[in-house]
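Undergrad: Below is a structure I'd like to ask you about.
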Amino acid sequence: MPMTAEKQHSTVDNLEVLYEDNHLIAVNKRASDIVQGDRTGDTPLSEVVKAYIKKKYNKSGEVFLGVIHRLDRPVSGAVVFARTSKALSRMNQLFQNRAIQKTYWAVVDHVPKVPSGKRSDWLKRDATRNKSFVTRSQSVQARLAELSYTTRLKSDKYVLLEVHPHTGRHHQIRVQLSHMGSIIKGDLKYGAPRSNKDASIHLHARQLDFIHPTQKKTITIVAPVPKHDPLWQYFEANV
């Protein structure tokens, strides 16, 4: 039987913990958080999680926490960290082998021409602009990006898509959805007409499914959508 992370859901000191055991901890990232330290100097989510573990377990020494994967800063949702080096190594391998099923929710401005389907695009990254572009397969440094998507629900102005990326390219979901004419709400970088007030974009890492690196049980981690966003709340309540 799968072990559902919802059973372990808790909120402590504004950190929303979705799942926790001796080897892993999963939290619900806010759109304003950075997963790992960068040149902004802002406190990363990884340090917040370390402080939580140190306080909860009254640890006197340094807390080990391995960053397994990341979400773009304006994206919310499930992020998993490793609490042991063994878990870090094995989870890295799962991600490299594409053995983790990732489910995203995206609120976009138009229903895709094909309401549900698959996309394969060649992407090229412009590091100086921190942006990716769809290009020809023969282009230098182009990398294949693949995803599948399903139209789940419509509101008066927006559409909820469920997206399963099959590769892990830079800004993959954002650029691929934009290229097919379904721009994520608030994503100025990829064509949205206006930003969201909180600088977020309406892309949420909804669910992660994988085999636990040591327990060998199926783990399902589900991240609730942002609580104070009426549009997200509408879609979650009605999907």
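Starting from 1 in every chain, residues are counted up; chains themselves are A, B, ... following the order of the structure tokens, and ligands are numbered from 1 as listed.
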Mind checking which residues fall within 12 Å of Lys50 of chain A, counting only C-alpha atoms, ignoring those fewer than 4 positions away in the same chain, and posting them as a ChimeraX atom specification?

TA: /A:15,25,27,36,43-46,54-59,61-67,81-83

Undergrad: Would you mind listing what lies within 9 Å of Arg98 of chain A as an NGL selection string, with only C-alpha atoms counted and same-chain residues fewer than 2 positions away left out?

TA: :A and (93-96 or 100-101 or 166-168)

Undergrad: Can you write just those residues out, C-alpha atoms, as a PDB file, in the first residue's frame?

TA:
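Output saved as result.pdb:
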```pdb
ATOM      1  CA  GLN A  93      19.733   8.302  -8.675  1.00  0.00           C
ATOM      2  CA  LEU A  94      15.932   8.148  -8.817  1.00  0.00           C
ATOM      3  CA  PHE A  95      15.781  11.625 -10.327  1.00  0.00           C
ATOM      4  CA  GLN A  96      18.532  10.827 -12.828  1.00  0.00           C
ATOM      5  CA  ILE A 100      10.055   9.885  -9.761  1.00  0.00           C
ATOM      6  CA  GLN A 101       6.664  10.868 -11.120  1.00  0.00           C
ATOM      7  CA  HIS A 166       9.307  13.553 -18.416  1.00  0.00           C
ATOM      8  CA  THR A 167      12.591  15.458 -18.554  1.00  0.00           C
ATOM      9  CA  GLY A 168      14.052  18.077 -16.248  1.00  0.00           C
TER      10      GLY A 168
END
```

Undergrad: List the neighbours of Val134 of chain A out to 9 Å using only C-alpha atoms; skip same-chain residues closer than 5 positions along the sequence, and give me the result as a list in words.

TA: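 The contact residues come out as Asp121, Trp122, Leu123, Lys124, Ala142, Val175, Gln176 and His179 of chain A.
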
Undergrad: Tell me, as JSON, numbers by chain, which residues lie within 10 Å of Ser178 of chain A, counting only C-alpha atoms; anything in the same chain fewer than 5 positions away does not count.

TA: {"A": [108, 109, 110, 134, 172, 173, 183, 184, 187, 189, 190, 191, 192]}

Undergrad: Take the residues just selected and output them with C-alpha atoms as a short mmCIF file (atom, residue, chain, number, x, y, z; two decimals), in the first residue's frame.

TA:
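Wrote it out as selection24.cif, contents follow:
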```cif
data_model
loop_
_atom_site.label_atom_id
_atom_site.label_comp_id
_atom_site.auth_asym_id
_atom_site.auth_seq_id
_atom_site.Cartn_x
_atom_site.Cartn_y
_atom_site.Cartn_z
CA VAL A 108 -2.96 29.22 -18.01
CA ASP A 109 -4.76 31.78 -20.15
CA HIS A 110 -5.99 29.52 -22.97
CA VAL A 134 12.26 26.42 -28.28
CA GLN A 172 10.69 23.40 -19.23
CA ILE A 173 7.00 23.61 -18.32
CA ILE A 183 0.83 31.02 -21.01
CA ILE A 184 1.06 30.55 -17.25
CA ASP A 187 4.78 34.53 -15.97
CA LYS A 189 9.25 36.03 -18.72
CA TYR A 190 7.27 33.73 -21.01
CA GLY A 191 4.59 36.07 -22.31
CA ALA A 192 2.05 36.83 -19.57
#
```

Undergrad: From a DSSP pass on the backbone, collect the residues of segment 135-165 of chain A flagged as strand (DSSP E) and hand them back as a VMD selection string.

TA: chain A and resid 135 143 to 154 159 to 165

Undergrad: Can you tell me, as a list in words, what residues are no more than 9 Å from His212 of chain A when counting only C-alpha atoms, ignoring any on the same chain fewer than 6 positions away?

TA: Leu24, Ala87, Met91, Thr218 and Ile219 of chain A

Undergrad: May I have the selected residues written with C-alpha atoms, as a PDB file, in the first residue's frame?

TA:
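Contents of result.pdb, freshly written:
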```pdb
ATOM      1  CA  LEU A  24      13.565  12.343   4.070  1.00  0.00           C
ATOM      2  CA  ALA A  87      18.992   8.942   1.032  1.00  0.00           C
ATOM      3  CA  MET A  91      17.182   9.949  -4.408  1.00  0.00           C
ATOM      4  CA  THR A 218       5.614   3.853  -2.501  1.00  0.00           C
ATOM      5  CA  ILE A 219       5.509   7.423  -1.202  1.00  0.00           C
TER       6      ILE A 219
END
```

Undergrad: My list of candidates is A:Ile221, A:Ala199, A:Val107, A:Ala145. Which is closest to Gln233 of chain A when distances are computed with only C-alpha atoms?

TA: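 Distance minimum relative to Gln233 of chain A lands on A:Val107.
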
Undergrad: Using only C-alpha atoms, which residue out of A:Val75, A:Val17, A:Leu88, A:Val114 lies closest to Met180 of chain A?

TA: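 Nearest to Met180 of chain A: A:Val114.
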
Undergrad: I need the residue nearest His23 of chain A from this list: A:Ser182, A:Thr103, A:Thr84, A:Gln207. Use only C-alpha atoms for the distance.

TA: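 Counting only C-alpha atoms, the residue closest to His23 of chain A is A:Thr84.
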
Undergrad: Could you work out how far atom CA of Val163 of chain A lies from atom CA of Leu147 of chain A, giving the answer in Å with one decimal?

TA: 7.0 Å

Undergrad: Could you give me, as JSON, numbers by chain, the residues within 12 Å of Leu203 of chain A, counting only C-alpha atoms and dropping anything in the same chain fewer than 5 positions from it?

TA: {"A": [29, 30, 31, 71, 72, 73, 74, 75, 76, 77, 78, 103, 104, 105, 106, 107, 108, 159, 160, 161, 162, 163, 171, 172, 173, 174, 177, 183, 184, 185, 186, 187, 196, 225, 226, 232]}

Undergrad: Export, as a short mmCIF file (atom, residue, chain, number, x, y, z; two decimals), in the first residue's frame, the selected residues with C-alpha atoms.

TA:
```cif
data_model
loop_
_atom_site.label_atom_id
_atom_site.label_comp_id
_atom_site.auth_asym_id
_atom_site.auth_seq_id
_atom_site.Cartn_x
_atom_site.Cartn_y
_atom_site.Cartn_z
CA LYS A 29 7.54 25.69 -0.83
CA ARG A 30 6.05 29.16 -1.01
CA ALA A 31 6.46 31.08 -4.26
CA LEU A 71 11.84 24.66 -8.00
CA ASP A 72 12.08 28.08 -9.63
CA ARG A 73 11.64 30.88 -7.11
CA PRO A 74 8.18 31.99 -8.33
CA VAL A 75 6.90 28.39 -8.30
CA SER A 76 5.21 26.83 -5.27
CA GLY A 77 4.80 23.22 -4.19
CA ALA A 78 6.42 20.03 -2.99
CA THR A 103 2.75 16.23 -11.20
CA TYR A 104 2.39 19.97 -11.66
CA TRP A 105 -0.67 22.17 -11.80
CA ALA A 106 -0.51 25.18 -14.11
CA VAL A 107 -3.10 27.93 -14.44
CA VAL A 108 -2.96 29.22 -18.01
CA VAL A 159 -7.71 27.03 -17.33
CA LEU A 160 -6.14 24.45 -15.02
CA LEU A 161 -3.72 22.06 -16.68
CA GLU A 162 -2.16 19.02 -15.05
CA VAL A 163 1.36 18.54 -16.35
CA HIS A 171 12.07 26.31 -17.23
CA GLN A 172 10.69 23.40 -19.23
CA ILE A 173 7.00 23.61 -18.32
CA ARG A 174 6.97 27.39 -18.55
CA LEU A 177 3.25 25.72 -22.39
CA ILE A 183 0.83 31.02 -21.01
CA ILE A 184 1.06 30.55 -17.25
CA LYS A 185 -0.69 33.31 -15.30
CA GLY A 186 1.81 35.86 -14.00
CA ASP A 187 4.78 34.53 -15.97
CA ASN A 196 0.99 38.56 -10.05
CA VAL A 225 -2.12 24.98 -3.28
CA PRO A 226 -1.37 28.45 -1.81
CA TRP A 232 -5.82 28.41 -6.68
#
```

Undergrad: May I ask for the distance between atom CA of Arg169 of chain A and atom CA of Glu146 of chain A, given in Å to one decimal place?

TA: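 Computing it gives 8.9 Å between the two atoms.
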
Undergrad: Rank A:Arg39, A:Lys86, A:His202, A:Lys102 by their smallest atom-to-atom distance to His69 of chain A, using only C-alpha atoms, and report the top residue only.

TA: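 The answer is A:Lys102, which sits nearest to His69 of chain A.
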